[in-house]
file target05.cif (mmCIF, C-alpha atoms)
data_query
#
loop_
_atom_site.label_atom_id
_atom_site.label_comp_id
_atom_site.auth_asym_id
_atom_site.auth_seq_id
_atom_site.Cartn_x
_atom_site.Cartn_y
_atom_site.Cartn_z
CA MET B 1 82.60 -29.20 2.71
CA GLU B 2 85.66 -31.40 2.25
CA LYS B 3 83.34 -34.14 0.94
CA LEU B 4 82.29 -32.10 -2.10
CA VAL B 5 83.86 -33.61 -5.21
CA SER B 6 84.45 -30.13 -6.61
CA THR B 7 86.79 -29.30 -3.71
CA TRP B 8 89.29 -32.14 -4.21
CA TYR B 9 88.91 -33.75 -7.66
CA LYS B 10 91.77 -31.95 -9.43
CA ASP B 11 94.97 -33.89 -10.09
CA LYS B 12 93.81 -36.96 -8.18
CA SER B 13 93.07 -40.53 -9.19
CA LEU B 14 89.61 -41.98 -8.66
CA PRO B 15 89.18 -42.91 -4.96
CA GLU B 16 88.20 -46.49 -4.12
CA ASN B 17 84.87 -45.40 -2.64
CA TYR B 18 83.81 -43.98 -6.04
CA ILE B 19 84.56 -47.15 -8.02
CA PHE B 20 81.45 -49.24 -8.68
CA PRO B 21 81.48 -53.04 -8.89
CA PRO B 22 81.96 -54.32 -12.46
CA GLU B 23 78.28 -55.12 -13.05
CA LYS B 24 77.24 -51.54 -12.22
CA ARG B 25 79.98 -49.65 -14.03
CA PRO B 26 79.05 -47.66 -17.12
CA GLY B 27 82.00 -49.14 -19.04
CA LYS B 28 82.55 -47.33 -22.31
CA PHE B 29 81.52 -43.71 -22.10
CA SER B 30 80.40 -43.51 -25.71
CA VAL B 31 77.00 -45.15 -26.21
CA PRO B 32 74.71 -44.79 -29.22
CA SER B 33 72.73 -41.58 -29.52
CA CYS B 34 69.12 -42.16 -30.38
CA ASP B 35 67.74 -40.01 -33.18
CA ALA B 36 64.31 -41.49 -32.52
CA ILE B 37 63.83 -39.74 -29.17
CA PRO B 38 60.89 -37.46 -29.97
CA VAL B 39 61.46 -33.73 -30.32
CA VAL B 40 58.25 -31.78 -29.76
CA ASP B 41 57.88 -28.27 -31.17
CA LEU B 42 55.58 -26.78 -28.57
CA SER B 43 54.82 -23.67 -30.64
CA LYS B 44 52.68 -25.88 -32.87
CA ALA B 45 50.38 -26.64 -29.95
CA LEU B 46 49.06 -23.08 -30.26
CA ASP B 47 47.60 -23.61 -33.72
CA HIS B 48 45.69 -26.26 -35.60
CA ASN B 49 48.44 -28.82 -34.93
CA ARG B 50 47.51 -29.11 -31.24
CA SER B 51 46.09 -32.62 -31.61
CA ASP B 52 49.26 -33.74 -33.43
CA ILE B 53 51.45 -32.39 -30.62
CA ILE B 54 49.34 -34.16 -28.01
CA GLU B 55 49.66 -37.39 -29.98
CA GLN B 56 53.45 -36.95 -30.13
CA ILE B 57 53.68 -36.41 -26.37
CA LEU B 58 51.55 -39.45 -25.53
CA LYS B 59 53.46 -41.62 -28.00
CA ALA B 60 56.72 -40.49 -26.39
CA GLY B 61 55.30 -41.35 -22.97
CA LYS B 62 54.36 -44.84 -24.09
CA GLU B 63 57.54 -45.68 -26.00
CA PHE B 64 60.30 -43.77 -24.20
CA GLY B 65 59.06 -42.01 -21.07
CA PHE B 66 61.08 -39.06 -22.40
CA PHE B 67 60.98 -36.37 -25.05
CA GLN B 68 62.79 -33.13 -25.82
CA VAL B 69 60.88 -29.89 -26.24
CA ILE B 70 61.81 -26.88 -28.36
CA ASN B 71 60.08 -23.51 -28.93
CA HIS B 72 58.75 -23.83 -25.41
CA GLY B 73 58.44 -20.15 -24.52
CA VAL B 74 61.17 -19.92 -21.87
CA PRO B 75 63.42 -17.02 -23.05
CA GLU B 76 66.79 -18.15 -24.36
CA LYS B 77 68.59 -15.35 -22.52
CA LEU B 78 67.03 -16.46 -19.23
CA ILE B 79 68.19 -20.03 -19.87
CA ASP B 80 71.74 -18.84 -20.61
CA ASP B 81 71.79 -16.58 -17.56
CA THR B 82 70.59 -19.46 -15.38
CA LYS B 83 73.29 -21.81 -16.68
CA ASN B 84 75.90 -19.15 -15.99
CA VAL B 85 74.65 -18.52 -12.45
CA PHE B 86 74.73 -22.24 -11.62
CA GLN B 87 78.25 -22.53 -12.99
CA GLU B 88 79.32 -19.47 -10.99
CA PHE B 89 77.88 -21.01 -7.84
CA PHE B 90 79.79 -24.28 -8.12
CA GLU B 91 83.00 -22.53 -9.09
CA MET B 92 82.95 -20.21 -6.06
CA PRO B 93 85.65 -20.71 -3.39
CA ALA B 94 84.74 -23.29 -0.77
CA GLU B 95 84.38 -20.66 1.95
CA ASP B 96 81.64 -18.91 -0.05
CA LYS B 97 79.62 -22.13 -0.24
CA ALA B 98 80.29 -23.41 3.28
CA SER B 99 77.27 -21.80 4.93
CA PHE B 100 74.95 -23.55 2.50
CA TYR B 101 76.42 -27.04 2.87
CA SER B 102 74.28 -29.44 4.92
CA GLU B 103 73.90 -33.18 5.40
CA ASP B 104 70.36 -32.78 6.76
CA PRO B 105 67.94 -34.10 4.08
CA GLY B 106 65.09 -32.31 5.83
CA LYS B 107 66.39 -28.85 4.92
CA SER B 108 64.41 -27.11 2.18
CA SER B 109 67.59 -25.63 0.67
CA ARG B 110 71.03 -27.18 0.81
CA LEU B 111 74.26 -28.09 -0.92
CA CYS B 112 75.41 -31.70 -0.60
CA THR B 113 77.32 -34.38 -2.48
CA SER B 114 76.57 -37.80 -3.98
CA SER B 115 73.00 -38.54 -2.73
CA ILE B 116 70.68 -37.98 0.22
CA ASN B 117 71.80 -41.42 1.46
CA TYR B 118 75.50 -40.45 1.61
CA HIS B 119 76.10 -42.05 5.02
CA ARG B 120 74.49 -45.32 3.95
CA GLU B 121 76.41 -45.61 0.70
CA GLU B 122 79.35 -47.91 0.24
CA ILE B 123 80.08 -46.27 -3.12
CA HIS B 124 79.55 -42.55 -3.74
CA TYR B 125 78.42 -40.77 -6.90
CA TRP B 126 80.65 -38.35 -8.76
CA ARG B 127 78.50 -35.26 -8.30
CA ASP B 128 77.74 -32.30 -6.08
CA ASN B 129 74.15 -31.23 -5.75
CA LEU B 130 72.35 -28.00 -4.94
CA ARG B 131 68.64 -28.34 -4.23
CA HIS B 132 65.85 -26.16 -2.97
CA PHE B 133 62.08 -25.85 -3.09
CA CYS B 134 60.63 -23.18 -5.35
CA HIS B 135 56.88 -22.85 -4.79
CA PRO B 136 55.47 -20.68 -3.47
CA LEU B 137 58.49 -18.58 -4.39
CA GLU B 138 58.03 -15.96 -1.67
CA GLU B 139 58.12 -18.69 0.98
CA TYR B 140 61.36 -20.35 -0.14
CA ILE B 141 63.49 -17.76 -1.97
CA GLN B 142 64.70 -16.28 1.32
CA HIS B 143 66.50 -19.59 1.99
CA TRP B 144 68.28 -19.72 -1.38
CA PRO B 145 71.96 -18.85 -1.87
CA THR B 146 72.87 -15.16 -1.75
CA LYS B 147 75.99 -15.74 -3.84
CA PRO B 148 76.43 -15.20 -6.71
CA ASP B 149 74.71 -11.85 -6.15
CA ARG B 150 72.15 -12.41 -8.91
CA TYR B 151 71.32 -15.99 -7.97
CA ARG B 152 67.89 -15.30 -6.46
CA GLU B 153 66.85 -12.87 -9.19
CA VAL B 154 67.82 -15.08 -12.13
CA VAL B 155 66.85 -18.48 -10.71
CA GLY B 156 63.58 -17.08 -9.33
CA ALA B 157 62.58 -15.86 -12.80
CA TYR B 158 63.72 -19.16 -14.33
CA THR B 159 61.68 -21.37 -11.99
CA ILE B 160 58.55 -19.29 -12.62
CA GLU B 161 58.90 -19.69 -16.39
CA VAL B 162 59.72 -23.41 -16.25
CA LYS B 163 56.79 -24.04 -13.91
CA LYS B 164 54.55 -22.38 -16.53
CA LEU B 165 56.01 -24.71 -19.15
CA GLY B 166 55.23 -27.67 -16.92
CA SER B 167 51.62 -26.54 -16.59
CA VAL B 168 51.29 -26.34 -20.39
CA ILE B 169 52.72 -29.83 -20.86
CA LEU B 170 50.54 -31.32 -18.14
CA GLU B 171 47.44 -29.74 -19.66
CA LEU B 172 48.31 -31.34 -23.02
CA ILE B 173 48.83 -34.70 -21.30
CA SER B 174 45.53 -34.32 -19.46
CA GLU B 175 43.72 -33.56 -22.71
CA GLY B 176 45.37 -36.49 -24.44
CA LEU B 177 44.40 -38.93 -21.71
CA GLY B 178 40.80 -37.69 -21.74
CA LEU B 179 40.96 -36.17 -18.24
CA ASP B 180 39.21 -33.00 -17.17
CA SER B 181 40.92 -29.73 -18.00
CA GLY B 182 43.09 -28.70 -15.07
CA TYR B 183 43.33 -32.25 -13.69
CA PHE B 184 46.97 -31.73 -12.70
CA ARG B 185 46.50 -28.27 -11.21
CA GLY B 186 46.57 -27.72 -7.47
CA LYS B 187 48.08 -30.30 -5.14
CA LEU B 188 49.18 -32.68 -7.88
CA SER B 189 51.71 -30.15 -9.19
CA GLU B 190 52.50 -27.71 -6.36
CA GLY B 191 55.55 -29.46 -4.92
CA ILE B 192 58.27 -27.81 -7.02
CA LEU B 193 61.88 -28.78 -6.33
CA LEU B 194 64.94 -27.59 -8.23
CA SER B 195 67.91 -29.97 -8.20
CA VAL B 196 71.14 -28.73 -9.80
CA ASN B 197 73.84 -31.33 -10.42
CA TYR B 198 77.51 -30.54 -10.97
CA TYR B 199 79.77 -33.29 -12.32
CA PRO B 200 83.46 -32.25 -12.38
CA PRO B 201 85.78 -33.82 -14.95
CA CYS B 202 86.43 -37.40 -13.85
CA PRO B 203 89.77 -39.24 -14.07
CA ASP B 204 88.10 -42.50 -15.18
CA PRO B 205 84.45 -42.23 -16.29
CA SER B 206 84.30 -45.97 -17.02
CA LEU B 207 84.46 -46.85 -13.30
CA THR B 208 82.00 -44.48 -11.66
CA LEU B 209 78.60 -42.81 -12.16
CA GLY B 210 77.11 -39.39 -11.67
CA ILE B 211 73.72 -40.89 -10.84
CA ALA B 212 72.85 -44.58 -10.97
CA LYS B 213 69.99 -46.17 -12.89
CA HIS B 214 66.64 -45.00 -11.53
CA CYS B 215 63.19 -43.66 -12.33
CA ASP B 216 61.93 -40.37 -10.91
CA PRO B 217 59.08 -40.58 -8.37
CA ASN B 218 57.27 -37.38 -9.40
CA ILE B 219 54.79 -36.25 -12.09
CA ILE B 220 57.24 -34.85 -14.65
CA THR B 221 60.82 -33.60 -14.63
CA ILE B 222 61.97 -30.69 -16.79
CA LEU B 223 65.71 -31.06 -17.33
CA LEU B 224 68.20 -28.51 -18.59
CA GLN B 225 71.60 -29.98 -19.53
CA ASP B 226 74.65 -28.29 -21.01
CA VAL B 227 76.74 -31.24 -22.28
CA SER B 228 75.98 -34.88 -22.93
CA GLY B 229 75.70 -37.22 -19.95
CA LEU B 230 72.05 -38.27 -19.71
CA GLN B 231 71.39 -41.85 -20.81
CA ILE B 232 68.12 -43.76 -20.90
CA PHE B 233 67.65 -47.53 -20.86
CA LYS B 234 65.54 -48.84 -23.71
CA ASP B 235 65.23 -52.27 -25.29
CA GLY B 236 68.07 -53.66 -23.22
CA GLU B 237 70.68 -50.99 -23.93
CA TRP B 238 71.74 -47.52 -22.85
CA ILE B 239 71.27 -44.69 -25.31
CA ALA B 240 72.46 -41.09 -24.98
CA VAL B 241 70.11 -38.11 -24.97
CA GLU B 242 72.17 -35.41 -26.66
CA PRO B 243 71.25 -31.86 -25.65
CA LEU B 244 69.68 -29.71 -28.35
CA PRO B 245 70.21 -25.94 -28.37
CA ASN B 246 67.67 -24.08 -26.22
CA SER B 247 65.75 -27.23 -25.34
CA PHE B 248 64.53 -29.15 -22.30
CA VAL B 249 64.28 -32.88 -21.70
CA ILE B 250 60.89 -33.90 -20.31
CA ASN B 251 60.87 -37.05 -18.21
CA PHE B 252 57.71 -38.85 -17.07
CA GLY B 253 57.76 -39.90 -13.39
CA TYR B 254 56.22 -42.75 -11.40
CA ALA B 255 53.33 -40.61 -10.16
CA LEU B 256 52.26 -39.90 -13.75
CA GLN B 257 52.61 -43.57 -14.63
CA ILE B 258 50.28 -44.45 -11.74
CA ILE B 259 47.73 -41.73 -12.50
CA SER B 260 47.65 -42.83 -16.16
CA ASN B 261 47.14 -46.45 -15.00
CA ASP B 262 50.26 -47.48 -16.93
CA LYS B 263 49.18 -45.79 -20.17
CA LEU B 264 52.34 -43.71 -19.81
CA LYS B 265 55.60 -44.96 -18.33
CA SER B 266 58.59 -43.74 -16.40
CA ALA B 267 61.88 -44.76 -17.97
CA ASP B 268 65.11 -45.85 -16.32
CA HIS B 269 67.89 -43.31 -16.77
CA ARG B 270 71.30 -42.44 -15.36
CA ALA B 271 74.02 -39.79 -15.59
CA VAL B 272 77.57 -40.57 -16.67
CA THR B 273 80.69 -38.47 -16.29
CA ASN B 274 83.45 -37.50 -18.70
CA SER B 275 87.14 -36.74 -18.35
CA ASN B 276 87.28 -33.50 -20.35
CA ASN B 277 84.50 -31.19 -19.21
CA ALA B 278 82.46 -30.37 -16.16
CA ARG B 279 78.77 -31.08 -16.74
CA MET B 280 75.85 -29.21 -15.24
CA SER B 281 72.22 -30.30 -15.28
CA ALA B 282 69.24 -28.65 -13.62
CA ALA B 283 66.11 -30.70 -12.98
CA LEU B 284 62.86 -29.00 -12.03
CA PHE B 285 60.78 -31.73 -10.39
CA ILE B 286 57.03 -31.18 -10.51
CA ASN B 287 55.77 -33.17 -7.54
CA PRO B 288 52.46 -33.67 -5.79
CA THR B 289 52.33 -32.18 -2.31
CA GLY B 290 53.06 -34.61 0.52
CA ASP B 291 49.42 -34.92 1.58
CA SER B 292 48.18 -35.59 -1.97
CA ILE B 293 46.47 -38.88 -2.72
CA ILE B 294 47.97 -40.62 -5.74
CA GLU B 295 45.86 -43.16 -7.60
CA PRO B 296 44.83 -44.10 -11.13
CA ALA B 297 42.49 -41.46 -12.56
CA LYS B 298 38.93 -42.71 -12.30
CA ALA B 299 38.21 -41.60 -15.87
CA LEU B 300 40.82 -44.13 -17.04
CA THR B 301 39.46 -47.14 -15.16
CA ASP B 302 36.35 -49.29 -15.49
CA ALA B 303 35.35 -52.95 -15.28
CA GLU B 304 37.41 -53.79 -18.36
CA ASN B 305 40.35 -51.60 -17.29
CA PRO B 306 40.57 -51.96 -13.51
CA PRO B 307 43.00 -49.78 -11.55
CA ILE B 308 46.47 -51.34 -11.45
CA TYR B 309 47.49 -49.43 -8.32
CA LYS B 310 45.82 -48.74 -5.00
CA ALA B 311 45.46 -45.21 -3.64
CA PHE B 312 48.20 -43.92 -1.33
CA GLN B 313 49.53 -40.72 0.16
CA CYS B 314 52.43 -39.11 -1.69
CA LYS B 315 54.68 -38.63 1.35
CA GLU B 316 54.41 -42.34 2.21
CA PHE B 317 55.37 -43.23 -1.35
CA LEU B 318 58.40 -40.93 -1.27
CA MET B 319 59.55 -42.34 2.06
CA ASN B 320 59.53 -45.85 0.59
CA TYR B 321 61.12 -44.67 -2.65
CA PHE B 322 64.13 -43.09 -0.96
CA SER B 323 64.60 -45.92 1.52
CA MET B 324 64.72 -48.74 -1.03
CA ASP B 325 68.00 -49.79 -2.61
CA TYR B 326 66.24 -50.72 -5.84
CA ARG B 327 63.80 -47.91 -6.40
CA GLU B 328 62.18 -49.47 -9.45
CA SER B 329 60.63 -52.10 -7.15
CA VAL B 330 58.72 -49.46 -5.17
CA LEU B 331 55.79 -49.67 -7.61
CA GLU B 332 55.26 -53.29 -6.60
CA LEU B 333 54.31 -52.14 -3.10
CA TYR B 334 51.32 -50.28 -4.47
CA LYS B 335 50.00 -52.66 -7.09
CA ARG B 336 46.59 -54.14 -6.42
CA GLN B 337 46.48 -57.86 -5.90
CA ALA B 338 44.95 -59.70 -8.83
#
call {"tool": "encode", "arguments": {"input": "target05.cif", "output": "structure tokens"}}
result
Amino acid sequence: MEKLVSTWYKDKSLPENYIFPPEKRPGKFSVPSCDAIPVVDLSKALDHNRSDIIEQILKAGKEFGFFQVINHGVPEKLIDDTKNVFQEFFEMPAEDKASFYSEDPGKSSRLCTSSINYHREEIHYWRDNLRHFCHPLEEYIQHWPTKPDRYREVVGAYTIEVKKLGSVILELISEGLGLDSGYFRGKLSEGILLSVNYYPPCPDPSLTLGIAKHCDPNIITILLQDVSGLQIFKDGEWIAVEPLPNSFVINFGYALQIISNDKLKSADHRAVTNSNNARMSAALFINPTGDSIIEPAKALTDAENPPIYKAFQCKEFLMNYFSMDYRESVLELYKRQA
């Protein structure tokens, strides 16, 4: 517990083992915000504008690997309640969180700090992290935190609604790519993990990171953020993704890039800190199950468009992803030889 940033950060300078080498530091905290990041109004997918919405999503996947979604159907009150519960959790006294802290990455529910590779790291990340599996809910909810008292009730309802949103988005992507209806149902989207990040105010945000540059390994990520801190790397520079009221950021993962045979892409992104406010973000990762086979969809390949990647089992891919220092190079392991 004494390793959690939230237990010791107040009134202290930045420790040496949180200071990144110059080439990896974020430098100036203020980077340009990008007004061009697509904002998709999902309510329009229910009427005659459905094809336009699909086109917007696919264009976002090709150009950015990200978009923000509004009018998505997840109740605003539920979103606010969920934010409040997460904040309450991280602000609880250390003794109330102690039973949930674990350094065992194999646990389905746990509180930790920095990353799952904490003991291998020379430099740590300025974040605490709460993560647990969510589907099927009745199997995992019994392992979730019992404090705050309403944690299981509120977060359980939230994960159900956000999973539904993910299913809607994946169905639109499937339709846009020309895949069969329901292509992403079942094993390709049943590994649901919630990862809640807490970034306390930092004494010098220019020297450290909340999360380093990376791409997600999954199908899609549905991110809830309360204050600015998410940045994506595009055209050689970092740009900020400013949170919109009652919105989610949708991030395309490596698995979707592979299934689409590179028609869609996963974008590099990172999280920075700030000196004034604590930041909370909650990422719902929609993953394939470990025994799923990931490969380019056969409907998207032919003699003129051969598969770029070979087939592989998801759990093998994840093992390689988390063991590599430079995760973006993991795709090279699975590319077919020309």
call {"tool": "resolve_selection", "arguments": {"input": "target05.cif", "expression": "the PyMOL selection byres ((chain B and resi 261) around 9)", "output": "PyMOL selection string"}}
result
chain B and resi 256-260+262-264+295-297+300-301+305-309
call {"tool": "write_last_selection", "arguments": {"input": "target05.cif", "atoms": "C-alpha atoms", "output": "compact mmCIF listing (two decimals), in the coordinates of the input"}}
result
# COMPACT_ATOMS: atom_id res chain seq x y z
CA LEU B 256 52.26 -39.90 -13.75
CA GLN B 257 52.61 -43.57 -14.63
CA ILE B 258 50.28 -44.45 -11.74
CA ILE B 259 47.73 -41.73 -12.50
CA SER B 260 47.65 -42.83 -16.16
CA ASP B 262 50.26 -47.48 -16.93
CA LYS B 263 49.18 -45.79 -20.17
CA LEU B 264 52.34 -43.71 -19.81
CA GLU B 295 45.86 -43.16 -7.60
CA PRO B 296 44.83 -44.10 -11.13
CA ALA B 297 42.49 -41.46 -12.56
CA LEU B 300 40.82 -44.13 -17.04
CA THR B 301 39.46 -47.14 -15.16
CA ASN B 305 40.35 -51.60 -17.29
CA PRO B 306 40.57 -51.96 -13.51
CA PRO B 307 43.00 -49.78 -11.55
CA ILE B 308 46.47 -51.34 -11.45
CA TYR B 309 47.49 -49.43 -8.32
call {"tool": "resolve_selection", "arguments": {"input": "target05.cif", "expression": "the PyMOL selection byres ((chain B and resi 254) around 7)", "output": "number ranges by chain"}}
result
B: 216-219, 253, 255-258, 266
call {"tool": "atom_distance", "arguments": {"input": "target05.cif", "atom1": "atom CA of B:Leu14", "atom2": "atom CA of B:Gly236"}}
result
28.5 Å
call {"tool": "residues_around", "arguments": {"input": "target05.cif", "residues": "B:Ser275", "least_positions_apart": "3", "cutoff": "8 Å", "atoms": "only C-alpha atoms", "output": "NGL selection string"}}
result
:B and (201-205)
call {"tool": "resolve_selection", "arguments": {"input": "target05.cif", "expression": "the PyMOL selection byres ((chain B and resi 311) around 6)", "output": "PDB file with C-alpha atoms, in the frame of the given file"}}
result
ATOM      1  CA  ILE B 294      47.970 -40.620  -5.740  1.00  0.00           C
ATOM      2  CA  GLU B 295      45.860 -43.160  -7.600  1.00  0.00           C
ATOM      3  CA  LYS B 310      45.820 -48.740  -5.000  1.00  0.00           C
ATOM      4  CA  PHE B 312      48.200 -43.920  -1.330  1.00  0.00           C
TER       5      PHE B 312
END
call {"tool": "residues_near_point", "arguments": {"input": "target05.cif", "point": "(53.2, -29.9, -5.4)", "cutoff": "6 Å", "atoms": "only C-alpha atoms", "output": "count of residues only"}}
result
9
call {"tool": "decode", "arguments": {"input": "target05.cif", "residues": "stretch 211-230 of chain B", "atoms": "N, CA, C and O atoms", "output": "PDB file, in the first residue's frame"}}
result
ATOM      1  N   ILE B 211       0.735   7.441 -18.174  1.00  0.00           N
ATOM      2  CA  ILE B 211       0.914   6.214 -18.968  1.00  0.00           C
ATOM      3  C   ILE B 211       1.743   6.597 -20.182  1.00  0.00           C
ATOM      4  O   ILE B 211       1.498   7.636 -20.810  1.00  0.00           O
ATOM      5  N   ALA B 212       2.718   5.783 -20.529  1.00  0.00           N
ATOM      6  CA  ALA B 212       3.593   6.076 -21.658  1.00  0.00           C
ATOM      7  C   ALA B 212       2.895   5.784 -22.989  1.00  0.00           C
ATOM      8  O   ALA B 212       1.822   5.162 -23.047  1.00  0.00           O
ATOM      9  N   LYS B 213       3.517   6.215 -24.044  1.00  0.00           N
ATOM     10  CA  LYS B 213       3.036   5.980 -25.408  1.00  0.00           C
ATOM     11  C   LYS B 213       2.799   4.500 -25.651  1.00  0.00           C
ATOM     12  O   LYS B 213       3.667   3.665 -25.401  1.00  0.00           O
ATOM     13  N   HIS B 214       1.598   4.161 -26.157  1.00  0.00           N
ATOM     14  CA  HIS B 214       1.263   2.765 -26.421  1.00  0.00           C
ATOM     15  C   HIS B 214       0.020   2.696 -27.292  1.00  0.00           C
ATOM     16  O   HIS B 214      -0.690   3.686 -27.489  1.00  0.00           O
ATOM     17  N   CYS B 215      -0.256   1.519 -27.811  1.00  0.00           N
ATOM     18  CA  CYS B 215      -1.532   1.188 -28.432  1.00  0.00           C
ATOM     19  C   CYS B 215      -2.189   0.093 -27.597  1.00  0.00           C
ATOM     20  O   CYS B 215      -1.501  -0.730 -26.997  1.00  0.00           O
ATOM     21  N   ASP B 216      -3.513   0.082 -27.557  1.00  0.00           N
ATOM     22  CA  ASP B 216      -4.211  -0.959 -26.809  1.00  0.00           C
ATOM     23  C   ASP B 216      -4.249  -2.250 -27.614  1.00  0.00           C
ATOM     24  O   ASP B 216      -4.340  -2.215 -28.847  1.00  0.00           O
ATOM     25  N   PRO B 217      -4.215  -3.410 -26.949  1.00  0.00           N
ATOM     26  CA  PRO B 217      -4.171  -4.676 -27.683  1.00  0.00           C
ATOM     27  C   PRO B 217      -5.545  -5.233 -28.062  1.00  0.00           C
ATOM     28  O   PRO B 217      -5.627  -6.207 -28.791  1.00  0.00           O
ATOM     29  N   ASN B 218      -6.626  -4.621 -27.601  1.00  0.00           N
ATOM     30  CA  ASN B 218      -7.954  -5.223 -27.649  1.00  0.00           C
ATOM     31  C   ASN B 218      -8.723  -4.873 -28.923  1.00  0.00           C
ATOM     32  O   ASN B 218      -8.149  -4.418 -29.911  1.00  0.00           O
ATOM     33  N   ILE B 219     -10.064  -5.070 -28.886  1.00  0.00           N
ATOM     34  CA  ILE B 219     -10.917  -4.706 -30.015  1.00  0.00           C
ATOM     35  C   ILE B 219     -11.184  -3.201 -29.987  1.00  0.00           C
ATOM     36  O   ILE B 219     -10.740  -2.464 -30.860  1.00  0.00           O
ATOM     37  N   ILE B 220     -11.936  -2.743 -28.987  1.00  0.00           N
ATOM     38  CA  ILE B 220     -12.111  -1.307 -28.779  1.00  0.00           C
ATOM     39  C   ILE B 220     -12.041  -1.001 -27.282  1.00  0.00           C
ATOM     40  O   ILE B 220     -12.281  -1.873 -26.444  1.00  0.00           O
ATOM     41  N   THR B 221     -11.716   0.250 -26.981  1.00  0.00           N
ATOM     42  CA  THR B 221     -11.726   0.765 -25.620  1.00  0.00           C
ATOM     43  C   THR B 221     -12.752   1.880 -25.542  1.00  0.00           C
ATOM     44  O   THR B 221     -12.805   2.740 -26.435  1.00  0.00           O
ATOM     45  N   ILE B 222     -13.554   1.875 -24.482  1.00  0.00           N
ATOM     46  CA  ILE B 222     -14.536   2.937 -24.256  1.00  0.00           C
ATOM     47  C   ILE B 222     -14.086   3.685 -23.012  1.00  0.00           C
ATOM     48  O   ILE B 222     -14.131   3.155 -21.904  1.00  0.00           O
ATOM     49  N   LEU B 223     -13.620   4.913 -23.210  1.00  0.00           N
ATOM     50  CA  LEU B 223     -12.952   5.669 -22.145  1.00  0.00           C
ATOM     51  C   LEU B 223     -13.830   6.802 -21.639  1.00  0.00           C
ATOM     52  O   LEU B 223     -14.348   7.606 -22.423  1.00  0.00           O
ATOM     53  N   LEU B 224     -13.942   6.862 -20.319  1.00  0.00           N
ATOM     54  CA  LEU B 224     -14.581   7.977 -19.628  1.00  0.00           C
ATOM     55  C   LEU B 224     -13.480   8.777 -18.940  1.00  0.00           C
ATOM     56  O   LEU B 224     -12.691   8.213 -18.184  1.00  0.00           O
ATOM     57  N   GLN B 225     -13.393  10.090 -19.206  1.00  0.00           N
ATOM     58  CA  GLN B 225     -12.384  10.911 -18.552  1.00  0.00           C
ATOM     59  C   GLN B 225     -13.047  12.170 -18.003  1.00  0.00           C
ATOM     60  O   GLN B 225     -13.983  12.705 -18.595  1.00  0.00           O
ATOM     61  N   ASP B 226     -12.528  12.636 -16.852  1.00  0.00           N
ATOM     62  CA  ASP B 226     -13.154  13.800 -16.233  1.00  0.00           C
ATOM     63  C   ASP B 226     -12.444  15.109 -16.569  1.00  0.00           C
ATOM     64  O   ASP B 226     -13.092  16.123 -16.810  1.00  0.00           O
ATOM     65  N   VAL B 227     -11.119  15.115 -16.621  1.00  0.00           N
ATOM     66  CA  VAL B 227     -10.372  16.314 -17.018  1.00  0.00           C
ATOM     67  C   VAL B 227      -9.365  15.914 -18.087  1.00  0.00           C
ATOM     68  O   VAL B 227      -9.079  14.739 -18.290  1.00  0.00           O
ATOM     69  N   SER B 228      -8.818  16.906 -18.755  1.00  0.00           N
ATOM     70  CA  SER B 228      -7.897  16.649 -19.857  1.00  0.00           C
ATOM     71  C   SER B 228      -6.655  15.908 -19.377  1.00  0.00           C
ATOM     72  O   SER B 228      -6.182  16.095 -18.256  1.00  0.00           O
ATOM     73  N   GLY B 229      -6.115  15.074 -20.229  1.00  0.00           N
ATOM     74  CA  GLY B 229      -4.904  14.317 -19.917  1.00  0.00           C
ATOM     75  C   GLY B 229      -4.585  13.297 -20.992  1.00  0.00           C
ATOM     76  O   GLY B 229      -3.442  12.865 -21.130  1.00  0.00           O
ATOM     77  N   LEU B 230      -5.596  12.916 -21.777  1.00  0.00           N
ATOM     78  CA  LEU B 230      -5.380  11.984 -22.880  1.00  0.00           C
ATOM     79  C   LEU B 230      -4.791  12.730 -24.069  1.00  0.00           C
ATOM     80  O   LEU B 230      -5.297  13.782 -24.476  1.00  0.00           O
TER      81      LEU B 230
END
